[in-house]
Number of protein chains: 2
Amino acid sequence: MAKLEIENSSVPLPVGESKPYHHGDLRRQLLDAAAKLIRDEGEAALSMRKLAQAVGVSRTAPYHHFNDKQALLCAVAEEGFRRFRAIVTAGGGPAEATTHVDVLDEAAIRQFISRYINFAVNNAEYYDLMFGGHLWKSQQLTASLKAEAYASFKIYVDQIRHWQQSRLAAAAVDPLRYAQVSWSTLHGMSRLLIDGIYLDSAAVAAMSDSAANMFWRQLQGV
Amino acid sequence: MAKLEIENSSVPLPVGESKPYHHGDLRRQLLDAAAKLIRDEGEAALSMRKLAQAVGVSRTAPYHHFNDKQALLCAVAEEGFRRFRAIVTAGGGPAEATTHVDVLDEAAIRQFISRYINFAVNNAEYYDLMFGGHLWKSQQLTASLKAEAYASFKIYVDQIRHWQQSRLAAAAVDPLRYAQVSWSTLHGMSRLLIDGIYLDSAAVAAMSDSAANMFWRQLQGV
DNA sequence: AAGCAATATAGACAGCGTCAAGTTGGCTTG
DNA sequence: CAAGCCAACTTGACGCTGTCTATATTGCTT
């Protein structure tokens, strides 16, 4: 997460990150400006030219930091996954990512659901890129994005395994299968909410409760 | 569904549908060609100009049948909803749409899930438009598309109410809430499958079973 | 001090959505 | 049967897009 705190000042001193020499740190500013533009005007409204102008460089300058518009979007998505992990996994504790939660009750599930959906709705500009067909269907994902994406899912599956080993979840549950179905539910709710289809944000709490109850029973194995 | 069987021949005899005079029936051909183009080359690859060329008219001709590219896409999506309803609701019987299913067991749910996901995966070019943020987020949906979309959801909710009235589903279940959550699961699975995220088609059967089991318990109210 | 590689720039091209103005041709009406 | 209306269609143009190809600038290394 340290990367996220790099100073965006105009001082032309590179931090030693190996990327920017000339401009200050264009790469960083491009990523931030891209996210902001998408958030403000929608993904469709983001163009490389507008982005370049927003940062104050010529239209082709960004191509020295990203091969493609696609590559730029992949990088933004990648950062989204990092933020996602930080917010969704282990909320307060200093120990992060790799450690798993040792409690399992309906409230814990409910909390996870809330965090997931809150992240999706409040960071839709990232979520759209992370889990939007745009990047995935193109078959041109950055290797690092793919890694980042699957890491997030793996953590989820491993958490379920961990619960099983601690005898908190029924052994009969197939971790992968359960992960796929429950993630689908969360993803579906998020997408429908973000896109404004069928679901409205007023019902989020009730839906989360309902889903938590459903997941809980499933994990208890009857 | 009769509309779908209009002959696409080059005979310049309009059927009396009130739309096309000059070309034959451009509107119909545009809708079909659009779906085909999206299916073959992806939604992003569809352009009004390519579409026009595919049908053999000038680039601005389509604008006499649709205000916008958006409007064209809405019309395609609308047709998607009609096909969706035809496939998903009451599979074999001649009585359609308005009548509800009178059986409720895990197999029935499982069948519905299969139909939903099969439709989504095999008609992704329609599903993407019907439930993609592209149209919905733009806030410019055709009134008729909106109607068609909400009708589909309403049928689903009403089916649950129907089960309750027949004492097949627990009275404690909130039909709307259950509909939202379960639809989210189906939508999420479909999206993840179509976009190639986390889920692969080999696991569809297992996931459907798991989801069916989850829904079934929920409907039984413990 | 020289030179090299990374960074930024301007120019050009094909493609896009769509507006405005003109053309064609079948139907309705006199 | 002729007049003319109007829907259907075409051509031209505009500003936007992503990105390729030079060209110029700059800082670090030697």
# chains A, B, ... in the order shown; residues from 1 in each chain; ligands from 1
call {"tool": "interface_residues", "arguments": {"of": "chain B", "to": "chain C", "cutoff": "12 Å", "atoms": "only C-alpha atoms (C1' of nucleotides)", "output": "CSV table (one decimal) with N, CA and C atoms, in the first residue's frame"}}
result
chain,number,residue,atom,x,y,z
B,20,PRO,N,-41.4,-0.4,-43.2
B,20,PRO,CA,-40.5,-0.2,-44.3
B,20,PRO,C,-41.2,0.0,-45.6
B,21,TYR,N,-40.8,1.0,-46.3
B,21,TYR,CA,-41.4,1.2,-47.7
B,21,TYR,C,-40.3,0.9,-48.7
B,22,HIS,N,-39.2,1.7,-48.6
B,22,HIS,CA,-38.3,1.7,-49.6
B,22,HIS,C,-37.4,0.5,-49.8
B,23,HIS,N,-36.8,0.0,-48.8
B,23,HIS,CA,-35.7,-0.9,-48.9
B,23,HIS,C,-36.1,-2.4,-48.9
B,44,ALA,N,-18.0,-4.2,-28.7
B,44,ALA,CA,-17.2,-3.0,-29.0
B,44,ALA,C,-17.0,-2.8,-30.5
B,45,ALA,N,-17.0,-3.9,-31.2
B,45,ALA,CA,-16.7,-3.8,-32.7
B,45,ALA,C,-17.9,-3.4,-33.5
B,46,LEU,N,-19.0,-3.3,-32.9
B,46,LEU,CA,-20.2,-2.9,-33.7
B,46,LEU,C,-20.2,-1.4,-33.9
B,47,SER,N,-20.2,-1.0,-35.1
B,47,SER,CA,-20.3,0.4,-35.5
B,47,SER,C,-21.5,0.6,-36.4
B,48,MET,N,-22.0,1.8,-36.4
B,48,MET,CA,-23.2,2.1,-37.2
B,48,MET,C,-22.8,1.9,-38.7
B,49,ARG,N,-21.6,2.4,-39.0
B,49,ARG,CA,-21.1,2.3,-40.4
B,49,ARG,C,-21.0,0.9,-40.9
B,50,LYS,N,-20.3,0.1,-40.0
B,50,LYS,CA,-20.1,-1.3,-40.4
B,50,LYS,C,-21.5,-2.0,-40.6
B,59,ARG,N,-24.2,4.9,-44.8
B,59,ARG,CA,-23.9,4.9,-43.4
B,59,ARG,C,-25.0,5.6,-42.6
B,60,THR,N,-25.8,6.5,-43.2
B,60,THR,CA,-26.8,7.2,-42.4
B,60,THR,C,-28.2,6.7,-42.5
B,61,ALA,N,-28.3,5.7,-43.4
B,61,ALA,CA,-29.6,5.1,-43.5
B,61,ALA,C,-30.3,4.6,-42.2
B,62,PRO,N,-29.5,3.9,-41.4
B,62,PRO,CA,-30.1,3.4,-40.2
B,62,PRO,C,-30.7,4.5,-39.3
B,63,TYR,N,-30.2,5.7,-39.4
B,63,TYR,CA,-30.8,6.8,-38.6
B,63,TYR,C,-32.2,7.2,-38.9
B,64,HIS,N,-32.7,6.6,-40.0
B,64,HIS,CA,-34.1,6.8,-40.3
B,64,HIS,C,-35.0,5.8,-39.6
B,66,PHE,N,-33.7,4.5,-36.4
B,66,PHE,CA,-33.3,4.6,-35.0
B,66,PHE,C,-32.7,6.0,-34.7
B,67,ASN,N,-33.1,6.7,-33.7
B,67,ASN,CA,-32.6,8.0,-33.5
B,67,ASN,C,-31.1,8.0,-33.3
B,68,ASP,N,-30.6,6.9,-32.6
B,68,ASP,CA,-29.3,6.8,-32.0
B,68,ASP,C,-28.7,5.5,-32.3
B,69,LYS,N,-27.4,5.3,-32.0
B,69,LYS,CA,-26.9,4.0,-31.9
B,69,LYS,C,-27.5,3.4,-30.6
B,70,GLN,N,-27.6,4.2,-29.6
B,70,GLN,CA,-28.2,3.8,-28.3
B,70,GLN,C,-29.6,3.2,-28.6
call {"tool": "calpha_fit_and_write", "arguments": {"fixed": "chain B", "moving": "chain A", "output": "JSON list (two decimals) with C-alpha atoms, in the first residue's frame"}}
result
[["chain", "number", "residue", "atom", "x", "y", "z"],
["A", 1, "MET", "CA", -42.94, -14.30, -31.08],
["A", 2, "ALA", "CA", -44.58, -14.05, -34.49],
["A", 3, "LYS", "CA", -42.53, -10.99, -35.28],
["A", 4, "LEU", "CA", -39.41, -13.05, -35.21],
["A", 5, "GLU", "CA", -40.60, -15.13, -38.11],
["A", 6, "ILE", "CA", -41.04, -12.33, -40.60],
["A", 7, "GLU", "CA", -39.47, -13.33, -43.88],
["A", 8, "ASN", "CA", -36.18, -11.57, -44.56],
["A", 9, "SER", "CA", -36.42, -11.99, -48.33],
["A", 10, "SER", "CA", -35.46, -9.20, -50.67],
["A", 11, "VAL", "CA", -39.00, -8.96, -51.99],
["A", 12, "PRO", "CA", -39.96, -5.33, -51.47],
["A", 13, "LEU", "CA", -43.37, -6.19, -50.13],
["A", 14, "PRO", "CA", -43.83, -4.78, -46.64],
["A", 15, "VAL", "CA", -45.91, -7.01, -44.45],
["A", 16, "GLY", "CA", -48.05, -4.22, -43.20],
["A", 17, "GLU", "CA", -46.00, -3.67, -40.09],
["A", 18, "SER", "CA", -46.03, 0.08, -40.81],
["A", 19, "LYS", "CA", -42.25, 0.49, -40.79],
["A", 20, "PRO", "CA", -40.39, -0.10, -44.04],
["A", 21, "TYR", "CA", -41.33, 1.14, -47.48],
["A", 22, "HIS", "CA", -38.27, 1.68, -49.53],
["A", 23, "HIS", "CA", -35.71, -0.96, -48.94],
["A", 24, "GLY", "CA", -37.70, -4.04, -48.09],
["A", 25, "ASP", "CA", -37.51, -4.09, -44.35],
["A", 26, "LEU", "CA", -34.37, -2.45, -43.24],
["A", 27, "ARG", "CA", -35.27, -2.23, -39.59],
["A", 28, "ARG", "CA", -35.56, -5.98, -39.22],
["A", 29, "GLN", "CA", -32.35, -6.63, -41.11],
["A", 30, "LEU", "CA", -30.48, -4.07, -39.06],
["A", 31, "LEU", "CA", -31.54, -5.73, -35.82],
["A", 32, "ASP", "CA", -30.48, -9.16, -37.04],
["A", 33, "ALA", "CA", -27.22, -7.98, -38.53],
["A", 34, "ALA", "CA", -26.39, -6.05, -35.36],
["A", 35, "ALA", "CA", -26.89, -9.14, -33.21],
["A", 36, "LYS", "CA", -24.80, -11.19, -35.58],
["A", 37, "LEU", "CA", -22.00, -8.63, -35.68],
["A", 38, "ILE", "CA", -21.89, -8.39, -31.90],
["A", 39, "ARG", "CA", -21.90, -12.17, -31.60],
["A", 40, "ASP", "CA", -19.08, -12.56, -34.11],
["A", 41, "GLU", "CA", -16.82, -9.66, -33.28],
["A", 42, "GLY", "CA", -17.91, -8.38, -29.89],
["A", 43, "GLU", "CA", -20.02, -5.46, -28.79],
["A", 44, "ALA", "CA", -17.14, -3.02, -29.05],
["A", 45, "ALA", "CA", -16.61, -3.90, -32.70],
["A", 46, "LEU", "CA", -20.12, -2.92, -33.72],
["A", 47, "SER", "CA", -20.22, 0.39, -35.53],
["A", 48, "MET", "CA", -23.12, 1.99, -37.31],
["A", 49, "ARG", "CA", -21.07, 2.25, -40.47],
["A", 50, "LYS", "CA", -20.06, -1.39, -40.49],
["A", 51, "LEU", "CA", -23.61, -2.35, -39.73],
["A", 52, "ALA", "CA", -24.93, -0.28, -42.62],
["A", 53, "GLN", "CA", -22.38, -1.81, -44.93],
["A", 54, "ALA", "CA", -23.25, -5.31, -43.78],
["A", 55, "VAL", "CA", -26.86, -4.71, -44.79],
["A", 56, "GLY", "CA", -25.86, -2.94, -47.97],
["A", 57, "VAL", "CA", -27.07, 0.60, -47.37],
["A", 58, "SER", "CA", -25.33, 3.91, -46.90],
["A", 59, "ARG", "CA", -23.93, 4.80, -43.52],
["A", 60, "THR", "CA", -26.68, 7.21, -42.56],
["A", 61, "ALA", "CA", -29.60, 5.06, -43.66],
["A", 62, "PRO", "CA", -30.03, 3.35, -40.28],
["A", 63, "TYR", "CA", -30.70, 6.73, -38.70],
["A", 64, "HIS", "CA", -34.10, 6.76, -40.36],
["A", 65, "HIS", "CA", -35.11, 3.75, -38.29],
["A", 66, "PHE", "CA", -33.27, 4.51, -35.04],
["A", 67, "ASN", "CA", -32.53, 7.90, -33.56],
["A", 68, "ASP", "CA", -29.26, 6.76, -32.15],
["A", 69, "LYS", "CA", -26.81, 3.96, -31.96],
["A", 70, "GLN", "CA", -28.17, 3.71, -28.43],
["A", 71, "ALA", "CA", -31.73, 3.33, -29.69],
["A", 72, "LEU", "CA", -30.62, 0.59, -32.05],
["A", 73, "LEU", "CA", -28.97, -1.27, -29.21],
["A", 74, "CYS", "CA", -32.07, -0.81, -27.06],
["A", 75, "ALA", "CA", -34.16, -2.41, -29.77],
["A", 76, "VAL", "CA", -31.78, -5.35, -29.97],
["A", 77, "ALA", "CA", -31.90, -5.70, -26.20],
["A", 78, "GLU", "CA", -35.66, -5.60, -26.29],
["A", 79, "GLU", "CA", -35.73, -8.51, -28.64],
["A", 80, "GLY", "CA", -33.33, -10.24, -26.32],
["A", 81, "PHE", "CA", -35.86, -9.93, -23.50],
["A", 82, "ARG", "CA", -38.56, -11.47, -25.66],
["A", 83, "ARG", "CA", -36.34, -14.42, -26.51],
["A", 84, "PHE", "CA", -35.31, -14.65, -22.87],
["A", 85, "ARG", "CA", -38.87, -14.92, -21.67],
["A", 86, "ALA", "CA", -39.74, -17.48, -24.28],
["A", 87, "ILE", "CA", -36.80, -19.70, -23.38],
["A", 88, "VAL", "CA", -36.76, -19.30, -19.61],
["A", 89, "THR", "CA", -40.44, -19.40, -18.72],
["A", 90, "ALA", "CA", -42.56, -22.51, -19.21],
["A", 91, "GLY", "CA", -40.32, -24.55, -21.43],
["A", 92, "GLY", "CA", -42.57, -26.78, -23.53],
["A", 93, "GLY", "CA", -46.21, -25.97, -22.94],
["A", 94, "PRO", "CA", -48.15, -23.86, -25.41],
["A", 95, "ALA", "CA", -49.46, -21.62, -22.67],
["A", 96, "GLU", "CA", -46.79, -19.00, -22.12],
["A", 97, "ALA", "CA", -45.62, -16.09, -20.03],
["A", 98, "THR", "CA", -48.58, -15.24, -17.87],
["A", 99, "THR", "CA", -49.19, -18.69, -16.42],
["A", 100, "HIS", "CA", -47.02, -19.84, -13.57],
["A", 101, "VAL", "CA", -45.39, -23.10, -12.70],
["A", 102, "ASP", "CA", -47.32, -25.15, -10.16],
["A", 103, "VAL", "CA", -44.51, -27.37, -8.96],
["A", 104, "LEU", "CA", -41.77, -26.42, -6.59],
["A", 105, "ASP", "CA", -38.94, -28.74, -5.77],
["A", 106, "GLU", "CA", -35.19, -28.56, -6.02],
["A", 107, "ALA", "CA", -35.31, -30.00, -9.52],
["A", 108, "ALA", "CA", -37.64, -27.27, -10.75],
["A", 109, "ILE", "CA", -35.34, -24.60, -9.39],
["A", 110, "ARG", "CA", -32.37, -26.37, -10.85],
["A", 111, "GLN", "CA", -34.07, -26.35, -14.24],
["A", 112, "PHE", "CA", -34.77, -22.65, -14.06],
["A", 113, "ILE", "CA", -31.17, -21.94, -13.17],
["A", 114, "SER", "CA", -29.98, -24.01, -16.09],
["A", 115, "ARG", "CA", -32.23, -22.23, -18.51],
["A", 116, "TYR", "CA", -31.21, -18.84, -17.27],
["A", 117, "ILE", "CA", -27.51, -19.53, -17.49],
["A", 118, "ASN", "CA", -27.75, -21.34, -20.79],
["A", 119, "PHE", "CA", -29.57, -18.40, -22.27],
["A", 120, "ALA", "CA", -27.01, -15.96, -20.94],
["A", 121, "VAL", "CA", -24.01, -17.92, -22.14],
["A", 122, "ASN", "CA", -25.41, -18.96, -25.50],
["A", 123, "ASN", "CA", -26.91, -15.57, -26.28],
["A", 124, "ALA", "CA", -24.25, -13.40, -24.76],
["A", 125, "GLU", "CA", -24.66, -10.84, -27.54],
["A", 126, "TYR", "CA", -28.18, -10.23, -26.25],
["A", 127, "TYR", "CA", -27.47, -10.71, -22.58],
["A", 128, "ASP", "CA", -24.71, -8.11, -22.63],
["A", 129, "LEU", "CA", -27.10, -5.53, -23.98],
["A", 130, "MET", "CA", -30.03, -6.56, -21.79],
["A", 131, "PHE", "CA", -28.07, -6.48, -18.55],
["A", 132, "GLY", "CA", -24.96, -4.56, -19.39],
["A", 133, "GLY", "CA", -24.26, -1.24, -17.76],
["A", 134, "HIS", "CA", -23.74, 0.30, -21.18],
["A", 135, "LEU", "CA", -27.40, 0.93, -21.81],
["A", 136, "TRP", "CA", -28.67, 1.13, -18.26],
["A", 137, "LYS", "CA", -26.18, 3.61, -16.95],
["A", 138, "SER", "CA", -26.74, 5.96, -19.85],
["A", 139, "GLN", "CA", -30.18, 6.86, -18.51],
["A", 140, "GLN", "CA", -31.47, 6.88, -22.07],
["A", 141, "LEU", "CA", -33.24, 3.54, -22.24],
["A", 142, "THR", "CA", -36.18, 3.32, -24.54],
["A", 143, "ALA", "CA", -39.43, 3.27, -22.62],
["A", 144, "SER", "CA", -40.37, 0.01, -24.30],
["A", 145, "LEU", "CA", -37.10, -1.60, -23.28],
["A", 146, "LYS", "CA", -37.63, -0.56, -19.70],
["A", 147, "ALA", "CA", -41.12, -2.04, -19.78],
["A", 148, "GLU", "CA", -39.86, -5.26, -21.30],
["A", 149, "ALA", "CA", -37.08, -5.52, -18.72],
["A", 150, "TYR", "CA", -39.27, -4.95, -15.70],
["A", 151, "ALA", "CA", -41.91, -7.32, -17.05],
["A", 152, "SER", "CA", -39.34, -10.11, -16.95],
["A", 153, "PHE", "CA", -38.51, -9.40, -13.35],
["A", 154, "LYS", "CA", -42.13, -9.06, -12.39],
["A", 155, "ILE", "CA", -42.94, -12.48, -13.78],
["A", 156, "TYR", "CA", -40.20, -13.85, -11.57],
["A", 157, "VAL", "CA", -41.50, -12.17, -8.43],
["A", 158, "ASP", "CA", -45.06, -13.19, -9.22],
["A", 159, "GLN", "CA", -43.98, -16.78, -9.62],
["A", 160, "ILE", "CA", -42.67, -16.73, -6.09],
["A", 161, "ARG", "CA", -45.91, -15.21, -4.81],
["A", 162, "HIS", "CA", -47.78, -17.91, -6.67],
["A", 163, "TRP", "CA", -45.76, -20.58, -4.92],
["A", 164, "GLN", "CA", -46.55, -19.01, -1.60],
["A", 165, "GLN", "CA", -50.26, -18.91, -2.34],
["A", 166, "SER", "CA", -50.10, -22.58, -3.25],
["A", 167, "ARG", "CA", -48.32, -23.15, 0.05],
["A", 168, "LEU", "CA", -45.29, -24.50, -1.80],
["A", 169, "ALA", "CA", -43.03, -21.78, -0.47],
["A", 170, "ALA", "CA", -42.78, -20.55, 3.09],
["A", 171, "ALA", "CA", -44.91, -17.53, 3.86],
["A", 172, "ALA", "CA", -42.04, -16.01, 5.78],
["A", 173, "VAL", "CA", -40.09, -15.44, 2.58],
["A", 174, "ASP", "CA", -40.26, -11.90, 1.26],
["A", 175, "PRO", "CA", -40.85, -12.48, -2.46],
["A", 176, "LEU", "CA", -39.19, -9.27, -3.64],
["A", 177, "ARG", "CA", -36.17, -9.69, -1.44],
["A", 178, "TYR", "CA", -35.73, -13.31, -2.39],
["A", 179, "ALA", "CA", -36.15, -12.42, -6.04],
["A", 180, "GLN", "CA", -33.50, -9.74, -5.82],
["A", 181, "VAL", "CA", -30.95, -11.94, -4.12],
["A", 182, "SER", "CA", -31.49, -15.03, -6.24],
["A", 183, "TRP", "CA", -31.56, -13.02, -9.45],
["A", 184, "SER", "CA", -28.30, -11.45, -8.33],
["A", 185, "THR", "CA", -26.78, -14.88, -7.99],
["A", 186, "LEU", "CA", -27.89, -15.89, -11.47],
["A", 187, "HIS", "CA", -26.81, -12.62, -12.95],
["A", 188, "GLY", "CA", -23.48, -12.78, -11.19],
["A", 189, "MET", "CA", -22.79, -16.29, -12.39],
["A", 190, "SER", "CA", -23.76, -15.39, -15.91],
["A", 191, "ARG", "CA", -21.62, -12.29, -15.98],
["A", 192, "LEU", "CA", -18.58, -14.03, -14.52],
["A", 193, "LEU", "CA", -18.99, -16.86, -16.99],
["A", 194, "ILE", "CA", -19.48, -14.62, -20.01],
["A", 195, "ASP", "CA", -16.61, -12.36, -19.08],
["A", 196, "GLY", "CA", -14.35, -15.24, -18.17],
["A", 197, "ILE", "CA", -13.74, -14.17, -14.59],
["A", 198, "TYR", "CA", -13.05, -16.78, -11.91],
["A", 199, "LEU", "CA", -15.69, -19.18, -13.27],
["A", 200, "ASP", "CA", -15.21, -21.64, -16.10],
["A", 201, "SER", "CA", -17.95, -23.45, -17.95],
["A", 202, "ALA", "CA", -16.74, -26.83, -16.70],
["A", 203, "ALA", "CA", -18.01, -25.92, -13.24],
["A", 204, "VAL", "CA", -21.44, -24.73, -14.36],
["A", 205, "ALA", "CA", -23.25, -27.94, -13.46],
["A", 206, "ALA", "CA", -21.77, -28.12, -9.99],
["A", 207, "MET", "CA", -22.41, -24.46, -9.34],
["A", 208, "SER", "CA", -25.98, -24.76, -10.51],
["A", 209, "ASP", "CA", -26.54, -27.63, -8.12],
["A", 210, "SER", "CA", -25.10, -25.66, -5.29],
["A", 211, "ALA", "CA", -27.19, -22.62, -6.08],
["A", 212, "ALA", "CA", -30.34, -24.68, -6.50],
["A", 213, "ASN", "CA", -29.78, -26.19, -3.09],
["A", 214, "MET", "CA", -29.26, -22.77, -1.59],
["A", 215, "PHE", "CA", -32.40, -21.32, -3.16],
["A", 216, "TRP", "CA", -34.46, -24.33, -2.22],
["A", 217, "ARG", "CA", -33.60, -24.08, 1.43],
["A", 218, "GLN", "CA", -34.27, -20.38, 1.38],
["A", 219, "LEU", "CA", -37.73, -20.94, -0.09],
["A", 220, "GLN", "CA", -38.52, -23.59, 2.50],
["A", 221, "GLY", "CA", -37.75, -21.06, 5.21],
["A", 222, "VAL", "CA", -35.11, -22.98, 7.16]]
call {"tool": "interface_residues", "arguments": {"of": "chain D", "to": "chain B", "cutoff": "10 Å", "atoms": "only C-alpha atoms (C1' of nucleotides)", "output": "JSON list (two decimals) with C-alpha atoms (C1' of nucleotides), in the first residue's frame"}}
result
[["chain", "number", "residue", "atom", "x", "y", "z"],
["D", 7, "DA", "C1'", -40.78, 8.71, -45.84],
["D", 8, "DA", "C1'", -36.61, 6.39, -47.16],
["D", 9, "DC", "C1'", -32.20, 6.88, -48.70],
["D", 10, "DT", "C1'", -27.58, 9.19, -50.10],
["D", 11, "DT", "C1'", -23.53, 12.27, -50.03]]
call {"tool": "select_by_dssp", "arguments": {"residues": "chain A", "states": "helix (DSSP H, G or I)", "output": "number ranges by chain"}}
result
A: 2-5, 26-41, 43-45, 48-55, 61-64, 69-88, 106-122, 124-131, 133-136, 143-165, 175-195, 201-220
call {"tool": "write_last_selection", "arguments": {"atoms": "C-alpha atoms", "output": "short mmCIF file (atom, residue, chain, number, x, y, z; two decimals), in the first residue's frame"}}
result
data_model
loop_
_atom_site.label_atom_id
_atom_site.label_comp_id
_atom_site.auth_asym_id
_atom_site.auth_seq_id
_atom_site.Cartn_x
_atom_site.Cartn_y
_atom_site.Cartn_z
CA ALA A 2 3.03 2.24 0.34
CA LYS A 3 2.97 2.94 -3.36
CA LEU A 4 -0.31 4.69 -3.00
CA GLU A 5 1.23 7.31 -0.77
CA LEU A 26 3.66 10.87 -15.17
CA ARG A 27 2.69 7.26 -14.73
CA ARG A 28 1.31 7.83 -11.26
CA GLN A 29 -0.56 10.96 -12.29
CA LEU A 30 -2.04 9.23 -15.31
CA LEU A 31 -3.41 6.42 -13.16
CA ASP A 32 -4.97 8.84 -10.70
CA ALA A 33 -6.36 11.15 -13.35
CA ALA A 34 -7.80 8.19 -15.24
CA ALA A 35 -9.64 6.94 -12.16
CA LYS A 36 -10.92 10.42 -11.46
CA LEU A 37 -12.09 10.94 -15.02
CA ILE A 38 -13.92 7.62 -15.07
CA ARG A 39 -15.50 8.37 -11.72
CA ASP A 40 -16.66 11.81 -12.82
CA GLU A 41 -17.72 11.22 -16.40
CA GLU A 43 -15.77 4.86 -18.35
CA ALA A 44 -16.97 5.59 -21.86
CA ALA A 45 -15.97 9.23 -21.55
CA MET A 48 -6.36 9.03 -23.98
CA ARG A 49 -6.34 12.56 -25.35
CA LYS A 50 -8.52 13.97 -22.61
CA LEU A 51 -6.46 12.12 -20.06
CA ALA A 52 -3.23 13.55 -21.44
CA GLN A 53 -4.71 17.02 -21.42
CA ALA A 54 -5.92 16.61 -17.85
CA VAL A 55 -2.37 15.87 -16.76
CA ALA A 61 2.99 11.13 -24.05
CA PRO A 62 1.04 8.47 -22.13
CA TYR A 63 2.10 5.90 -24.72
CA HIS A 64 5.59 5.97 -23.26
CA LYS A 69 -5.28 2.34 -23.69
CA GLN A 70 -6.01 -1.23 -22.62
CA ALA A 71 -2.74 -1.46 -20.71
CA LEU A 72 -3.52 1.79 -18.94
CA LEU A 73 -6.91 0.47 -17.91
CA CYS A 74 -5.34 -2.78 -16.74
CA ALA A 75 -2.99 -0.83 -14.51
CA VAL A 76 -5.90 1.11 -13.04
CA ALA A 77 -7.76 -2.14 -12.45
CA GLU A 78 -4.71 -3.61 -10.80
CA GLU A 79 -4.64 -0.79 -8.33
CA GLY A 80 -8.32 -1.38 -7.78
CA PHE A 81 -7.56 -4.94 -6.71
CA ARG A 82 -4.99 -3.73 -4.22
CA ARG A 83 -7.45 -1.30 -2.70
CA PHE A 84 -10.11 -4.00 -2.77
CA ARG A 85 -7.99 -6.41 -0.80
CA ALA A 86 -7.03 -3.78 1.71
CA ILE A 87 -10.63 -2.79 2.36
CA VAL A 88 -12.33 -6.17 2.21
CA GLU A 106 -23.68 -14.90 10.45
CA ALA A 107 -22.44 -11.50 11.57
CA ALA A 108 -18.96 -12.11 10.17
CA ILE A 109 -20.42 -13.09 6.82
CA ARG A 110 -22.72 -10.14 6.91
CA GLN A 111 -19.74 -7.86 7.49
CA PHE A 112 -17.85 -9.31 4.57
CA ILE A 113 -20.85 -8.82 2.31
CA SER A 114 -21.17 -5.22 3.41
CA ARG A 115 -17.55 -4.51 2.75
CA TYR A 116 -17.65 -6.10 -0.65
CA ILE A 117 -20.72 -4.22 -1.78
CA ASN A 118 -19.63 -0.95 -0.26
CA PHE A 119 -16.36 -1.19 -2.09
CA ALA A 120 -18.08 -1.98 -5.37
CA VAL A 121 -20.61 0.82 -5.10
CA ASN A 122 -18.28 3.47 -3.73
CA ALA A 124 -17.42 1.78 -9.13
CA GLU A 125 -14.78 3.35 -11.36
CA TYR A 126 -12.39 0.64 -10.19
CA TYR A 127 -14.91 -2.15 -9.88
CA ASP A 128 -16.07 -1.69 -13.47
CA LEU A 129 -12.55 -2.18 -14.70
CA MET A 130 -11.69 -5.00 -12.31
CA PHE A 131 -14.76 -7.06 -13.10
CA GLY A 133 -16.14 -7.63 -19.46
CA HIS A 134 -14.31 -4.85 -21.26
CA LEU A 135 -10.88 -5.95 -20.15
CA TRP A 136 -11.52 -9.62 -19.53
CA ALA A 143 -0.12 -10.74 -16.66
CA SER A 144 0.18 -8.77 -13.44
CA LEU A 145 -3.51 -7.90 -13.48
CA LYS A 146 -4.42 -11.53 -13.95
CA ALA A 147 -2.20 -12.46 -11.02
CA GLU A 148 -3.69 -9.75 -8.84
CA ALA A 149 -7.23 -10.81 -9.76
CA TYR A 150 -6.74 -14.49 -9.07
CA ALA A 151 -4.92 -13.74 -5.83
CA SER A 152 -8.06 -12.03 -4.55
CA PHE A 153 -10.18 -15.03 -5.36
CA LYS A 154 -7.66 -17.43 -3.92
CA ILE A 155 -7.66 -15.61 -0.60
CA TYR A 156 -11.42 -16.06 -0.53
CA VAL A 157 -11.27 -19.79 -1.23
CA ASP A 158 -8.47 -20.26 1.28
CA GLN A 159 -10.50 -18.50 3.93
CA ILE A 160 -13.22 -21.07 3.48
CA ARG A 161 -10.70 -23.90 3.73
CA HIS A 162 -9.37 -22.31 6.86
CA TRP A 163 -12.83 -22.29 8.39
CA GLN A 164 -13.20 -25.94 7.56
CA GLN A 165 -9.89 -26.82 9.16
CA PRO A 175 -14.78 -24.65 -0.91
CA LEU A 176 -14.28 -23.82 -4.58
CA ARG A 177 -17.88 -24.41 -5.49
CA TYR A 178 -19.16 -22.42 -2.56
CA ALA A 179 -16.72 -19.64 -3.36
CA GLN A 180 -17.89 -19.49 -6.95
CA VAL A 181 -21.56 -19.35 -6.09
CA SER A 182 -21.30 -16.88 -3.24
CA TRP A 183 -18.92 -14.65 -5.17
CA SER A 184 -21.43 -14.74 -8.01
CA THR A 185 -24.10 -13.48 -5.67
CA LEU A 186 -21.94 -10.62 -4.46
CA HIS A 187 -20.81 -9.78 -7.94
CA GLY A 188 -24.35 -9.93 -9.24
CA MET A 189 -25.67 -7.65 -6.53
CA SER A 190 -22.84 -5.21 -7.09
CA ARG A 191 -23.32 -5.12 -10.82
CA LEU A 192 -27.08 -4.70 -10.61
CA LEU A 193 -26.64 -1.94 -8.07
CA ILE A 194 -23.95 -0.10 -10.00
CA ASP A 195 -25.78 -0.37 -13.27
CA SER A 201 -29.53 1.10 -2.79
CA ALA A 202 -32.38 1.42 -0.30
CA ALA A 203 -32.70 -2.37 -0.31
CA VAL A 204 -29.00 -3.09 0.17
CA ALA A 205 -29.24 -3.75 3.90
CA ALA A 206 -32.15 -6.13 3.57
CA MET A 207 -30.56 -7.95 0.68
CA SER A 208 -27.30 -8.28 2.54
CA ASP A 209 -29.11 -9.82 5.47
CA SER A 210 -30.87 -12.25 3.23
CA ALA A 211 -27.67 -13.22 1.47
CA ALA A 212 -25.78 -13.57 4.74
CA ASN A 213 -28.44 -15.91 6.01
CA MET A 214 -28.27 -17.94 2.83
CA PHE A 215 -24.48 -18.23 2.92
CA TRP A 216 -24.47 -19.07 6.59
CA ARG A 217 -26.81 -21.98 6.19
CA GLN A 218 -24.84 -23.21 3.23
CA LEU A 219 -21.62 -23.17 5.25
CA GLN A 220 -23.26 -25.04 8.10
#
